[in-house]
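A.B. asks: Sharing entry-v6.cif, mmCIF, C-alpha atoms:
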data_coords
loop_
_atom_site.label_atom_id
_atom_site.label_comp_id
_atom_site.auth_asym_id
_atom_site.auth_seq_id
_atom_site.Cartn_x
_atom_site.Cartn_y
_atom_site.Cartn_z
CA MET A 1 10.69 -0.64 -12.50
CA ILE A 2 8.90 -3.54 -10.91
CA VAL A 3 5.32 -2.81 -9.98
CA GLY A 4 3.42 -4.59 -7.24
CA THR A 5 0.27 -4.15 -5.20
CA ARG A 6 -0.33 -4.93 -1.56
CA LYS A 7 -2.10 -8.11 -0.61
CA SER A 8 -5.26 -7.70 1.45
CA LEU A 9 -4.86 -7.42 5.20
CA GLU A 10 -6.94 -10.56 5.52
CA GLU A 11 -4.52 -12.55 3.37
CA ILE A 12 -1.49 -11.11 5.16
CA GLN A 13 -2.91 -11.90 8.60
CA ALA A 14 -3.65 -15.46 7.49
CA MET A 15 -0.05 -15.90 6.28
CA LEU A 16 1.31 -14.60 9.60
CA ARG A 17 -0.85 -16.81 11.84
CA GLY A 18 1.04 -18.40 14.66
CA HIS A 19 3.82 -15.79 14.64
CA SER A 20 3.92 -13.28 17.46
CA ARG A 21 7.06 -11.25 16.70
CA ILE A 22 7.14 -9.94 13.16
CA LEU A 23 9.50 -7.63 11.31
CA LEU A 24 8.09 -5.69 8.35
CA ALA A 25 10.83 -4.94 5.82
CA GLY A 26 10.19 -2.46 3.03
CA CYS A 27 12.17 -1.60 -0.07
CA ASP A 28 12.79 1.97 -1.17
CA THR A 29 13.35 1.38 -4.88
CA CYS A 30 10.71 0.14 -7.33
CA VAL A 31 7.93 -0.61 -4.88
CA ALA A 32 8.40 2.79 -3.23
CA GLU A 33 7.87 4.44 -6.62
CA CYS A 34 4.62 2.53 -7.11
CA ALA A 35 3.55 3.37 -3.54
CA SER A 36 3.15 -0.21 -2.41
CA GLY A 37 6.24 -1.20 -0.41
CA GLY A 38 8.41 1.77 0.44
CA ARG A 39 9.16 3.42 3.74
CA ARG A 40 5.77 5.13 3.93
CA GLU A 41 3.84 2.03 2.98
CA THR A 42 5.80 -0.04 5.51
CA ALA A 43 4.78 2.43 8.22
CA GLU A 44 1.15 2.31 7.02
CA LEU A 45 1.04 -1.47 6.98
CA THR A 46 2.68 -1.78 10.39
CA ALA A 47 0.09 0.51 11.97
CA ALA A 48 -2.77 -1.16 10.10
CA LEU A 49 -1.67 -4.68 11.07
CA ASP A 50 -1.16 -3.58 14.66
CA MET A 51 -4.77 -2.44 14.80
CA ALA A 52 -6.08 -5.47 12.91
CA PHE A 53 -4.30 -7.96 15.16
CA ARG A 54 -5.42 -6.19 18.33
CA LEU A 55 -9.02 -6.05 17.14
CA ALA A 56 -8.77 -9.79 16.47
CA GLY A 57 -7.59 -10.31 20.02
CA GLN A 58 -4.11 -11.38 18.96
CA SER A 59 -1.01 -10.16 20.74
CA VAL A 60 1.58 -9.55 18.03
CA GLU A 61 4.75 -7.49 18.33
CA LEU A 62 5.55 -5.63 15.13
CA LYS A 63 8.77 -3.95 14.12
CA GLU A 64 9.46 -2.12 10.89
CA THR A 65 12.50 -1.37 8.80
CA CYS A 66 13.32 -0.46 5.23
CA VAL A 67 16.29 -0.88 2.92
CA ASP A 68 17.26 1.01 -0.20
CA ARG A 69 17.01 -2.09 -2.36
CA GLN A 70 16.07 -5.49 -0.98
CA CYS A 71 17.39 -7.53 -3.91
CA ILE A 72 21.01 -6.58 -3.18
CA HIS A 73 22.43 -8.98 -0.63
CA GLU A 74 24.98 -6.51 0.74
CA PHE A 75 22.16 -4.12 1.63
CA LEU A 76 20.50 -6.72 3.85
CA ILE A 77 23.09 -6.89 6.62
CA ASP A 78 21.11 -4.68 9.01
CA VAL A 79 17.78 -6.32 8.20
CA VAL A 80 19.24 -9.77 8.83
CA ALA A 81 20.54 -8.55 12.19
CA GLU A 82 17.12 -7.14 13.14
CA ALA A 83 15.42 -10.34 12.02
CA GLN A 84 17.29 -12.35 14.65
CA ALA A 85 14.88 -10.96 17.25
CA VAL A 86 11.67 -12.00 15.48
CA ASP A 87 10.05 -15.25 14.39
CA ALA A 88 8.82 -14.08 10.99
CA VAL A 89 9.50 -11.38 8.43
CA LEU A 90 6.91 -9.73 6.20
CA SER A 91 8.68 -8.33 3.16
CA LEU A 92 7.13 -5.49 1.18
CA ALA A 93 9.63 -5.95 -1.65
CA CYS A 94 8.99 -7.47 -5.05
CA GLY A 95 9.45 -11.20 -5.47
CA ALA A 96 13.16 -10.77 -6.11
CA GLY A 97 13.61 -8.90 -2.84
CA VAL A 98 11.54 -11.38 -0.85
CA GLN A 99 13.69 -14.22 -2.12
CA ALA A 100 16.98 -12.41 -1.51
CA LEU A 101 15.92 -11.81 2.08
CA ALA A 102 14.66 -15.36 2.48
CA ALA A 103 18.00 -16.70 1.26
CA ARG A 104 19.74 -14.73 4.01
CA LEU A 105 17.30 -15.99 6.66
CA PRO A 106 17.19 -19.78 6.28
CA LYS A 107 15.67 -20.26 9.74
CA THR A 108 13.09 -17.46 9.62
CA PRO A 109 10.00 -17.56 7.38
CA VAL A 110 9.80 -14.59 5.03
CA PHE A 111 6.31 -13.79 3.75
CA PRO A 112 5.40 -11.52 0.81
CA ALA A 113 3.16 -8.54 1.51
CA LEU A 114 2.85 -7.70 -2.17
CA ASN A 115 1.72 -9.35 -5.36
CA THR A 116 4.53 -8.55 -7.81
CA THR A 117 2.74 -7.76 -11.04
CA PHE A 118 4.76 -6.35 -13.93
CA LEU A 119 7.68 -4.37 -15.29
CA GLY A 120 6.42 -0.93 -16.11
CA GLU A 121 6.61 2.79 -15.80
CA THR A 122 4.85 5.58 -13.97
CA ALA A 123 2.75 6.65 -16.96
CA GLU A 124 1.04 9.37 -14.94
CA ARG A 125 1.04 10.23 -11.27
CA GLY A 126 -0.79 7.38 -9.55
CA PHE A 127 -1.01 5.27 -12.72
CA TRP A 128 1.47 2.54 -13.59
CA SER A 129 1.33 0.52 -16.78
CA GLU A 130 3.17 -2.51 -18.04
CA ASN A 131 5.62 -1.83 -20.83
CA CYS A 132 8.17 -4.64 -20.69
CA ARG A 133 7.82 -8.41 -20.58
CA GLY A 134 11.51 -9.19 -20.23
CA CYS A 135 11.34 -11.24 -23.38
CA GLY A 136 15.10 -11.38 -23.66
CA ASP A 137 15.19 -10.18 -27.27
CA CYS A 138 14.39 -6.51 -27.32
CA LEU A 139 12.95 -5.14 -30.52
CA LEU A 140 12.27 -1.61 -29.34
CA GLY A 141 14.79 -0.42 -31.90
CA VAL A 142 12.47 -1.36 -34.77
CA THR A 143 9.22 -0.16 -33.17
CA GLY A 144 10.16 3.37 -32.22
CA GLY A 145 10.52 2.60 -28.52
CA ILE A 146 7.04 1.13 -28.10
CA CYS A 147 6.94 -2.53 -27.14
CA PRO A 148 4.40 -4.72 -28.97
CA ILE A 149 5.19 -7.70 -26.72
CA SER A 150 3.93 -5.97 -23.59
CA ARG A 151 1.62 -3.32 -25.00
CA CYS A 152 -0.16 -5.23 -27.77
CA ALA A 153 -2.70 -7.63 -26.30
CA LYS A 154 -1.96 -10.11 -29.09
CA ARG A 155 1.83 -9.53 -29.07
CA LEU A 156 1.80 -8.96 -32.79
CA LEU A 157 5.11 -8.23 -34.47
CA ASN A 158 4.12 -6.93 -37.90
CA GLY A 159 1.34 -4.42 -37.59
CA PRO A 160 -2.11 -4.05 -36.09
CA CYS A 161 -4.81 -6.70 -36.01
CA GLY A 162 -7.43 -4.31 -37.34
CA GLY A 163 -9.63 -4.57 -34.28
CA ALA A 164 -8.84 -1.13 -32.84
CA THR A 165 -11.47 1.59 -32.63
CA ALA A 166 -10.45 5.26 -32.48
CA GLY A 167 -6.92 4.27 -31.59
CA LYS A 168 -7.99 2.05 -28.72
CA CYS A 169 -7.39 -1.70 -28.46
CA GLU A 170 -10.39 -4.00 -28.86
CA ILE A 171 -9.85 -5.41 -25.36
CA ASN A 172 -11.54 -2.22 -24.15
CA LEU A 173 -14.78 -3.73 -25.49
CA ALA A 174 -14.45 -6.61 -23.06
CA PHE A 175 -13.49 -4.55 -20.03
CA PRO A 176 -13.96 -0.85 -19.23
CA TYR A 177 -10.28 0.02 -18.77
CA ASP A 178 -9.86 3.51 -17.37
CA PRO A 179 -7.88 5.02 -18.96
CA PRO A 180 -8.58 2.90 -22.06
CA VAL A 181 -5.75 0.80 -23.47
CA PRO A 182 -4.37 2.32 -26.66
CA CYS A 183 -3.59 0.25 -29.74
CA ALA A 184 0.16 -0.27 -29.49
CA TRP A 185 0.54 -0.63 -33.25
CA GLU A 186 -1.21 2.65 -33.96
CA GLN A 187 1.18 4.24 -31.50
CA ILE A 188 4.14 2.52 -33.18
CA TYR A 189 3.00 3.70 -36.61
CA GLU A 190 2.57 7.28 -35.40
CA ARG A 191 5.95 7.26 -33.66
CA MET A 192 7.83 5.82 -36.62
CA THR A 193 6.13 8.32 -38.90
CA ASN A 194 7.23 11.19 -36.65
CA LEU A 195 10.75 9.76 -36.67
CA GLY A 196 10.77 9.54 -40.47
CA LEU A 197 11.34 5.78 -40.19
CA VAL A 198 7.95 4.40 -41.15
CA GLU A 199 9.41 2.54 -44.15
CA ARG A 200 11.17 0.23 -41.70
CA LEU A 201 7.80 -1.14 -40.63
CA PHE A 202 7.54 -2.81 -44.02
CA GLU A 203 10.51 -5.01 -43.18
CA VAL A 204 9.00 -8.25 -41.95
CA GLU A 205 9.89 -9.13 -38.38
CA PRO A 206 10.41 -12.91 -38.23
CA ALA A 207 8.63 -15.19 -35.73
CA LYS A 208 9.87 -14.51 -32.23
CA ASP A 209 12.22 -16.87 -30.47
CA TRP A 210 10.20 -17.33 -27.31
CA ALA A 211 12.86 -19.61 -25.88
CA LYS A 212 14.58 -16.46 -24.63
CA ALA A 213 11.45 -15.25 -22.86
CA GLY A 214 11.63 -17.39 -19.75
CA CYS A 215 9.44 -20.25 -20.81
CA SER A 216 11.94 -22.93 -19.83
CA GLY A 217 13.22 -22.36 -16.33
CA PRO A 218 14.84 -19.44 -14.54
CA ARG A 219 17.02 -17.32 -16.80
CA ARG A 220 20.46 -16.30 -15.72
CA ILE A 221 23.28 -14.06 -16.81
CA LEU A 222 26.92 -14.75 -16.01
CA ARG A 223 29.53 -12.03 -16.44
CA PRO A 224 33.08 -13.27 -15.85
CA ASP A 225 34.36 -9.69 -15.70
CA GLN A 226 32.03 -9.01 -12.77
CA ARG A 227 32.75 -12.19 -10.85
CA PRO A 228 35.13 -12.19 -7.86
CA MET B 1 -12.95 11.01 24.19
CA LYS B 2 -9.45 11.57 22.85
CA VAL B 3 -9.17 13.71 19.77
CA VAL B 4 -6.08 14.68 17.80
CA VAL B 5 -6.31 17.45 15.25
CA LEU B 6 -3.61 18.01 12.64
CA ALA B 7 -4.07 21.60 11.53
CA CYS B 8 -2.45 23.57 8.77
CA GLY B 9 -0.89 26.68 10.33
CA ASN B 10 -2.43 28.82 7.63
CA ALA B 11 -5.95 27.47 8.11
CA VAL B 12 -5.75 27.45 11.92
CA PRO B 13 -3.30 30.20 12.88
CA ASP B 14 -3.82 29.75 16.64
CA SER B 15 -3.67 26.03 17.32
CA GLU B 16 -3.46 26.53 21.09
CA ASP B 17 -6.69 28.51 21.09
CA PHE B 18 -8.41 25.86 18.98
CA GLN B 19 -7.18 23.18 21.37
CA ALA B 20 -8.53 25.12 24.34
CA HIS B 21 -11.96 25.37 22.71
CA LEU B 22 -11.99 21.63 22.03
CA LYS B 23 -11.14 20.90 25.64
CA GLN B 24 -13.99 23.10 26.78
CA GLY B 25 -16.30 20.55 25.22
CA GLY B 26 -15.01 17.99 27.72
CA MET B 27 -12.66 16.17 25.40
CA GLN B 28 -9.03 15.26 25.75
CA ALA B 29 -7.74 17.16 22.76
CA GLN B 30 -4.42 17.82 21.12
CA VAL B 31 -3.97 20.12 18.16
CA ILE B 32 -0.72 19.66 16.27
CA ALA B 33 0.20 22.50 13.94
CA GLN B 34 1.41 21.58 10.47
CA PRO B 35 3.20 23.79 7.93
CA CYS B 36 0.60 22.53 5.42
CA SER B 37 -2.07 19.83 5.64
CA SER B 38 -0.12 17.99 2.95
CA LYS B 39 2.54 17.30 5.56
CA VAL B 40 0.12 14.76 7.04
CA GLU B 41 0.91 11.28 5.75
CA THR B 42 -1.42 8.31 5.71
CA TYR B 43 0.75 6.51 8.22
CA HIS B 44 0.48 9.46 10.65
CA LEU B 45 -3.29 9.02 10.72
CA LEU B 46 -3.05 5.26 11.19
CA ARG B 47 -0.38 5.48 13.90
CA ILE B 48 -2.46 8.04 15.81
CA LEU B 49 -5.50 5.76 15.76
CA ALA B 50 -3.37 2.76 16.69
CA SER B 51 -2.27 4.64 19.81
CA GLY B 52 -5.86 4.51 21.06
CA VAL B 53 -7.09 7.96 20.02
CA ASP B 54 -10.82 7.95 19.28
CA LEU B 55 -10.87 10.52 16.48
CA VAL B 56 -8.22 12.14 14.29
CA TRP B 57 -9.09 15.19 12.22
CA VAL B 58 -7.15 17.09 9.57
CA ILE B 59 -7.82 20.74 8.84
CA GLY B 60 -6.48 22.30 5.69
CA CYS B 61 -7.08 25.28 3.49
CA ALA B 62 -9.67 25.32 0.75
CA GLU B 63 -8.15 23.69 -2.31
CA ASN B 64 -7.96 26.91 -4.28
CA ALA B 65 -6.43 28.70 -1.30
CA CYS B 66 -3.59 26.31 -0.51
CA ARG B 67 -0.28 28.15 -0.62
CA LEU B 68 1.41 24.99 -1.87
CA THR B 69 -1.11 24.69 -4.72
CA GLU B 70 -1.85 20.96 -4.42
CA GLY B 71 -1.25 20.45 -0.71
CA SER B 72 -4.83 20.49 0.48
CA SER B 73 -5.93 18.35 -2.45
CA ARG B 74 -3.27 15.72 -1.69
CA MET B 75 -4.30 15.73 1.97
CA GLY B 76 -7.83 14.82 0.95
CA LYS B 77 -6.61 11.83 -1.02
CA ARG B 78 -4.46 10.62 1.87
CA VAL B 79 -7.39 10.86 4.26
CA GLN B 80 -9.44 8.78 1.84
CA HIS B 81 -6.61 6.24 1.53
CA ALA B 82 -6.37 5.98 5.32
CA GLN B 83 -10.13 5.43 5.51
CA GLU B 84 -9.77 2.55 3.05
CA TYR B 85 -7.33 0.96 5.47
CA LEU B 86 -9.90 1.41 8.26
CA SER B 87 -12.49 -0.45 6.19
CA GLU B 88 -10.07 -3.37 5.83
CA ILE B 89 -9.20 -3.29 9.51
CA GLY B 90 -12.84 -3.19 10.61
CA LEU B 91 -12.79 0.26 12.21
CA GLU B 92 -15.27 3.00 11.42
CA ASN B 93 -14.22 5.36 8.60
CA GLU B 94 -15.65 8.17 10.70
CA ARG B 95 -12.65 7.94 13.02
CA ILE B 96 -10.78 10.05 10.49
CA GLY B 97 -12.28 13.43 9.62
CA MET B 98 -11.25 16.25 7.37
CA SER B 99 -12.24 19.87 6.87
CA ARG B 100 -11.11 22.67 4.62
CA LEU B 101 -11.68 26.39 5.02
CA VAL B 102 -10.61 29.66 3.52
CA PRO B 103 -7.94 31.07 5.89
CA GLY B 104 -9.37 33.81 8.06
CA ASP B 105 -12.98 32.54 7.95
CA ALA B 106 -13.73 32.52 11.67
CA ALA B 107 -17.30 31.32 11.20
CA ALA B 108 -16.10 28.32 9.21
CA LEU B 109 -13.53 27.51 11.89
CA SER B 110 -16.24 27.59 14.56
CA ALA B 111 -18.36 25.28 12.43
CA ILE B 112 -15.43 22.87 12.12
CA LEU B 113 -15.01 22.92 15.90
CA ALA B 114 -18.67 21.97 16.23
CA ASP B 115 -18.29 19.22 13.61
CA ILE B 116 -15.40 17.67 15.49
CA GLN B 117 -17.27 17.72 18.78
CA THR B 118 -20.38 16.24 17.17
CA ARG B 119 -18.40 13.46 15.52
CA ALA B 120 -16.49 12.65 18.69
CA ARG B 121 -19.70 12.31 20.70
CA ALA B 122 -21.25 10.08 18.05
CA LEU B 123 -18.37 7.60 18.09
CA ARG B 124 -18.02 4.85 20.63
CA PRO B 125 -14.72 4.80 22.53
CA SER B 126 -11.97 3.30 20.44
CA PRO B 127 -11.67 -0.48 20.89
CA LEU B 128 -7.92 0.11 20.65
CA ALA B 129 -7.70 2.35 23.71
CA ARG B 130 -4.87 1.21 25.96
#
In C-alpha cells, write the structure found in this file.
C.D. replies:
Amino acid sequence: MIVGTRKSLEEIQAMLRGHSRILLAGCDTCVAECASGGRRETAELTAALDMAFRLAGQSVELKETCVDRQCIHEFLIDVVAEAQAVDAVLSLACGAGVQALAARLPKTPVFPALNTTFLGETAERGFWSENCRGCGDCLLGVTGGICPISRCAKRLLNGPCGGATAGKCEINLAFPYDPPVPCAWEQIYERMTNLGLVERLFEVEPAKDWAKAGCSGPRRILRPDQRP
Amino acid sequence: MKVVVLACGNAVPDSEDFQAHLKQGGMQAQVIAQPCSSKVETYHLLRILASGVDLVWVIGCAENACRLTEGSSRMGKRVQHAQEYLSEIGLENERIGMSRLVPGDAAALSAILADIQTRARALRPSPLAR
C-alpha cells in the first residue's frame, strides 16, 4: 500500500488561498488504511478546515466526497461531476490519485492534502513501515521475503555491514526511532535459517541494475493484451 | 452555553435524565446516547464544534469495564486526536472533554455532571457560534 501523511492545516490553507468553493476528495484504498485520506479523514479535514477558515475570517464553502480508488479514471466520473460546481479540489489521495484527478479536471486546480511517503505495510495497528522501494527488480525470492533495498539503510545486497547492535540497525544511534529499526540482514539471516535455505545467502548477489529503479524518468508498463 | 454530550448507553443509562440535569444548570444541552463510546468518531467531535457548540463531551465506561473490550480505550485516543486538530485550528483543547466511569456509579456520574458544568462556565462562547 501507499502510505501518506496529512499536510499541516497551515500549509493546506496557504495552498487554497483565493479559492472560495472547494471540494475535498478522499480515497478509500491505501490512504484509508493508513488513516490519512479515507472517508473518515476527509470528514475530519472538512470540519477542521471549515473552522480554520472561519476563524481566519474567510468565507469558504466546502464540500466533501470520497471514491473507492482515486487512481482509477473510471471511478472519478462522479467526482468530476461534483467538481464542476467548485473552483478548486483538495485531494486526499496519494500522488497518483491527485494526478489522475487533475488530468480529468484540466480547468480546476487540484491540490494535494497529503505528503505521499512510501510503499509499506501496516506493521502494527497505528504503525506503518516502508518495505518496498519499487526498484523494478525484486529480489525477495533470495532474501526470504525481507527486502534489503527498503529495509537496510545501506541497501546492502550481500549481508550485514556489521554495525548492528542487539539486532538493531546502527541508524538507531543517530535517531531514537520508536520502535527501533531492526537490522534487515539479521532478519534475513534468521528467516533463511528457519526456511532451511541459509546456504543460498552464500551465493553472491551481483551489483544491482539501478536503471530499473526509476532513476531516469517515469517508468511505464505496456500490456498489449490489456489495451483496447 | 451550548453543550453536546455523547454518552455510552451503558455508562449513562438514562440520557434524558442526564440532559435534564445539565439544563438545570442553565445550559442548552443535548445528550446523544451511543451504543458504546467507541461509536464516536473524531469527525463527529469536529463537526459538532464546527456547528457552533461551545463544548462537546464524551462519556464512556472505565476501560476495564467496557463491554466491547477496547471501545472506551479507542474513544480516548480519538478524543486526543480531535484535540490535536483543535491545536492546529487555534481553538482551545478544552472544548472537547472526556470522562469514564464504572457503570452504575451514581456518585461518579454526578461528579461528571459537575465537571461538564464547570468546564462550560470556564470557556468563552465559541467564536464559531452562528
A.B. asks: Show which residues sit within 10 Å of B:Cys66, as a list in words. Count only C-alpha atoms, and ignore same-chain residues fewer than 3 positions away.
C.D. replies: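 So, after excluding close chain neighbours, the residues are Cys8, Asn10, Ala11, Cys36, Ser37, Ser38, Gly60, Cys61, Ala62, Glu63, Thr69, Glu70, Gly71, Ser72, Ser73, Arg100, Leu101, Val102 and Pro103 of chain B.
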A.B. asks: Take the residues just selected and output them with C-alpha atoms as a tab-separated table (two decimals), in the coordinates of the input.
C.D. replies:
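Ended up saving to part-v2.tsv:
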chain	number	residue	atom	x	y	z
B	8	CYS	CA	-2.45	23.57	8.77
B	10	ASN	CA	-2.43	28.82	7.63
B	11	ALA	CA	-5.95	27.47	8.11
B	36	CYS	CA	0.60	22.53	5.42
B	37	SER	CA	-2.07	19.83	5.64
B	38	SER	CA	-0.12	17.99	2.95
B	60	GLY	CA	-6.48	22.30	5.69
B	61	CYS	CA	-7.08	25.28	3.49
B	62	ALA	CA	-9.67	25.32	0.75
B	63	GLU	CA	-8.15	23.69	-2.31
B	69	THR	CA	-1.11	24.69	-4.72
B	70	GLU	CA	-1.85	20.96	-4.42
B	71	GLY	CA	-1.25	20.45	-0.71
B	72	SER	CA	-4.83	20.49	0.48
B	73	SER	CA	-5.93	18.35	-2.45
B	100	ARG	CA	-11.11	22.67	4.62
B	101	LEU	CA	-11.68	26.39	5.02
B	102	VAL	CA	-10.61	29.66	3.52
B	103	PRO	CA	-7.94	31.07	5.89
A.B. asks: Taking all atoms listed in the file into account, what are the residues of chain A at most 12 Å from chain B, put as JSON, numbers by chain?
C.D. replies: {"A": [6, 7, 8, 9, 10, 11, 12, 13, 35, 38, 39, 40, 41, 42, 43, 44, 45, 46, 47, 48, 49, 50, 51, 52, 53, 54, 55, 56, 57, 125, 126]}
A.B. asks: With only C-alpha atoms as the counted atoms, please give the residues lying no more than 9 Å from stretch 26-29 of chain B, apart from itself and same-chain residues fewer than 6 positions off, as a list in words.
C.D. replies: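 Selected residues are Met1, Lys2, Val3, Val4, Val5, Gln19, Ala20, Gln117 and Ala120 of chain B.
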A.B. asks: Could you save the residues just selected, with C-alpha atoms, as a compact mmCIF listing (two decimals), keeping the file's coordinate frame?
C.D. replies:
# COMPACT_ATOMS: atom_id res chain seq x y z
CA MET B 1 -12.95 11.01 24.19
CA LYS B 2 -9.45 11.57 22.85
CA VAL B 3 -9.17 13.71 19.77
CA VAL B 4 -6.08 14.68 17.80
CA VAL B 5 -6.31 17.45 15.25
CA GLN B 19 -7.18 23.18 21.37
CA ALA B 20 -8.53 25.12 24.34
CA GLN B 117 -17.27 17.72 18.78
CA ALA B 120 -16.49 12.65 18.69
A.B. asks: Let me know the residues the PyMOL selection byres ((chain B and resi 110) around 12) catches in the file above, as a list in words.
C.D. replies: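 Output of the PyMOL selection byres ((chain B and resi 110) around 12): Val12, Asp17, Phe18, His21, Leu22, Ser99, Leu101, Gly104, Asp105, Ala106, Ala107, Ala108, Leu109, Ala111, Ile112, Leu113, Ala114, Asp115, Ile116 and Gln117 of chain B.
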A.B. asks: When you count only C-alpha atoms, which of these residues is closest to B:Gln80: B:Gly97, B:Gln34, B:Ala65, B:Ser15?
C.D. replies: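 Of the candidates, the smallest distance to B:Gln80 is held by B:Gly97.
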A.B. asks: Atom CA of A:Ile2 and atom CA of A:Gly120 are how many Å apart?
C.D. replies: 6.3 Å
A.B. asks: Using all atoms listed in the file, which residues sit within 9 Å of stretch 194-204 of chain A once same-chain residues fewer than 3 positions away are excluded, as a CSV table (one decimal) with C-alpha atoms, keeping the file's coordinate frame?
C.D. replies:
chain,number,residue,atom,x,y,z
A,142,VAL,CA,12.5,-1.4,-34.8
A,143,THR,CA,9.2,-0.2,-33.2
A,144,GLY,CA,10.2,3.4,-32.2
A,157,LEU,CA,5.1,-8.2,-34.5
A,158,ASN,CA,4.1,-6.9,-37.9
A,159,GLY,CA,1.3,-4.4,-37.6
A,189,TYR,CA,3.0,3.7,-36.6
A,190,GLU,CA,2.6,7.3,-35.4
A,191,ARG,CA,6.0,7.3,-33.7
A.B. asks: Go ahead and compute the interatomic distance for atom CA of A:Cys215 and atom CA of A:Cys94, in Å to one decimal.
C.D. replies: 20.3 Å
A.B. asks: Using Å and a single decimal, report how far atom CA of A:Thr29 sits from atom CA of A:Thr117.
C.D. replies: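 Spanning atom CA of A:Thr117 to atom CA of A:Thr29 is a straight-line distance of 15.3 Å.
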A.B. asks: Pick out the residues sitting within 10 Å of stretch 167-174 of chain A, and hand them over as a list of chain:residue names; count all atoms listed in the file, and ignore anything fewer than 2 positions along from it in its own chain.
C.D. replies: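 With the cut-off at 10 Å, the set is A:Arg151, A:Cys152, A:Ala153, A:Lys154, A:Pro160, A:Cys161, A:Gly162, A:Gly163, A:Ala164, A:Thr165, A:Pro176, A:Tyr177, A:Asp178, A:Pro179, A:Pro180, A:Val181, A:Pro182, A:Cys183, A:Ala184, A:Trp185, A:Glu186, A:Gln187.
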A.B. asks: Please provide the set of residues having any atom within 8 Å of A:Cys34, restricted to all atoms listed in the file, with same-chain residues fewer than 2 positions apart removed, written as a VMD selection string.
C.D. replies: chain A and resid 3 to 4 30 to 32 36 to 37 122 126 128
A.B. asks: I need the residue nearest B:Leu123 from this list: B:Met98, B:Leu68, B:Met75, B:Val53. Use all atoms listed in the file for the distance.
C.D. replies: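 Between B:Met98, B:Leu68, B:Met75, B:Val53, the residue approaching B:Leu123 most closely is B:Val53.
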A.B. asks: Spell out the residues picked by the PyMOL selection byres ((chain A and resi 69) around 6) here, as a list of chain:residue names.
C.D. replies: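 Taken on the displayed file, the PyMOL selection byres ((chain A and resi 69) around 6) yields the residues A:Cys27, A:Asp28, A:Thr29, A:Val67, A:Asp68, A:Gln70, A:Cys71.
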A.B. asks: Need a file for stretch 83-95 of chain B from that block: N, CA and C atoms, written as a PDB file, in the first residue's frame.
C.D. replies:
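Below is the file that was written, part-v4.pdb:
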ATOM      1  N   GLN B  83      -8.421  16.701  19.678  1.00  0.00           N
ATOM      2  CA  GLN B  83      -7.811  17.849  20.371  1.00  0.00           C
ATOM      3  C   GLN B  83      -6.560  18.339  19.636  1.00  0.00           C
ATOM      4  N   GLU B  84      -5.857  17.411  18.991  1.00  0.00           N
ATOM      5  CA  GLU B  84      -4.695  17.822  18.193  1.00  0.00           C
ATOM      6  C   GLU B  84      -5.138  18.688  17.014  1.00  0.00           C
ATOM      7  N   TYR B  85      -6.263  18.329  16.421  1.00  0.00           N
ATOM      8  CA  TYR B  85      -6.817  19.182  15.363  1.00  0.00           C
ATOM      9  C   TYR B  85      -7.123  20.579  15.917  1.00  0.00           C
ATOM     10  N   LEU B  86      -7.710  20.624  17.122  1.00  0.00           N
ATOM     11  CA  LEU B  86      -8.069  21.931  17.696  1.00  0.00           C
ATOM     12  C   LEU B  86      -6.828  22.792  17.877  1.00  0.00           C
ATOM     13  N   SER B  87      -5.727  22.177  18.282  1.00  0.00           N
ATOM     14  CA  SER B  87      -4.485  22.935  18.448  1.00  0.00           C
ATOM     15  C   SER B  87      -4.050  23.545  17.128  1.00  0.00           C
ATOM     16  N   GLU B  88      -4.191  22.777  16.045  1.00  0.00           N
ATOM     17  CA  GLU B  88      -3.831  23.306  14.718  1.00  0.00           C
ATOM     18  C   GLU B  88      -4.776  24.423  14.298  1.00  0.00           C
ATOM     19  N   ILE B  89      -6.043  24.249  14.626  1.00  0.00           N
ATOM     20  CA  ILE B  89      -7.053  25.218  14.196  1.00  0.00           C
ATOM     21  C   ILE B  89      -6.911  26.521  14.970  1.00  0.00           C
ATOM     22  N   GLY B  90      -6.484  26.410  16.241  1.00  0.00           N
ATOM     23  CA  GLY B  90      -6.390  27.595  17.089  1.00  0.00           C
ATOM     24  C   GLY B  90      -7.561  27.709  18.054  1.00  0.00           C
ATOM     25  N   LEU B  91      -8.225  26.559  18.295  1.00  0.00           N
ATOM     26  CA  LEU B  91      -9.291  26.532  19.291  1.00  0.00           C
ATOM     27  C   LEU B  91      -8.775  25.851  20.551  1.00  0.00           C
ATOM     28  N   GLU B  92      -9.411  26.158  21.678  1.00  0.00           N
ATOM     29  CA  GLU B  92      -8.960  25.562  22.931  1.00  0.00           C
ATOM     30  C   GLU B  92      -9.226  24.045  22.954  1.00  0.00           C
ATOM     31  N   ASN B  93      -8.211  23.288  23.402  1.00  0.00           N
ATOM     32  CA  ASN B  93      -8.395  21.834  23.552  1.00  0.00           C
ATOM     33  C   ASN B  93      -9.530  21.501  24.502  1.00  0.00           C
ATOM     34  N   GLU B  94      -9.748  22.438  25.455  1.00  0.00           N
ATOM     35  CA  GLU B  94     -10.744  22.177  26.499  1.00  0.00           C
ATOM     36  C   GLU B  94     -12.163  22.135  25.954  1.00  0.00           C
ATOM     37  N   ARG B  95     -12.339  22.458  24.670  1.00  0.00           N
ATOM     38  CA  ARG B  95     -13.690  22.390  24.103  1.00  0.00           C
ATOM     39  C   ARG B  95     -14.128  20.944  23.857  1.00  0.00           C
TER      40      ARG B  95
END
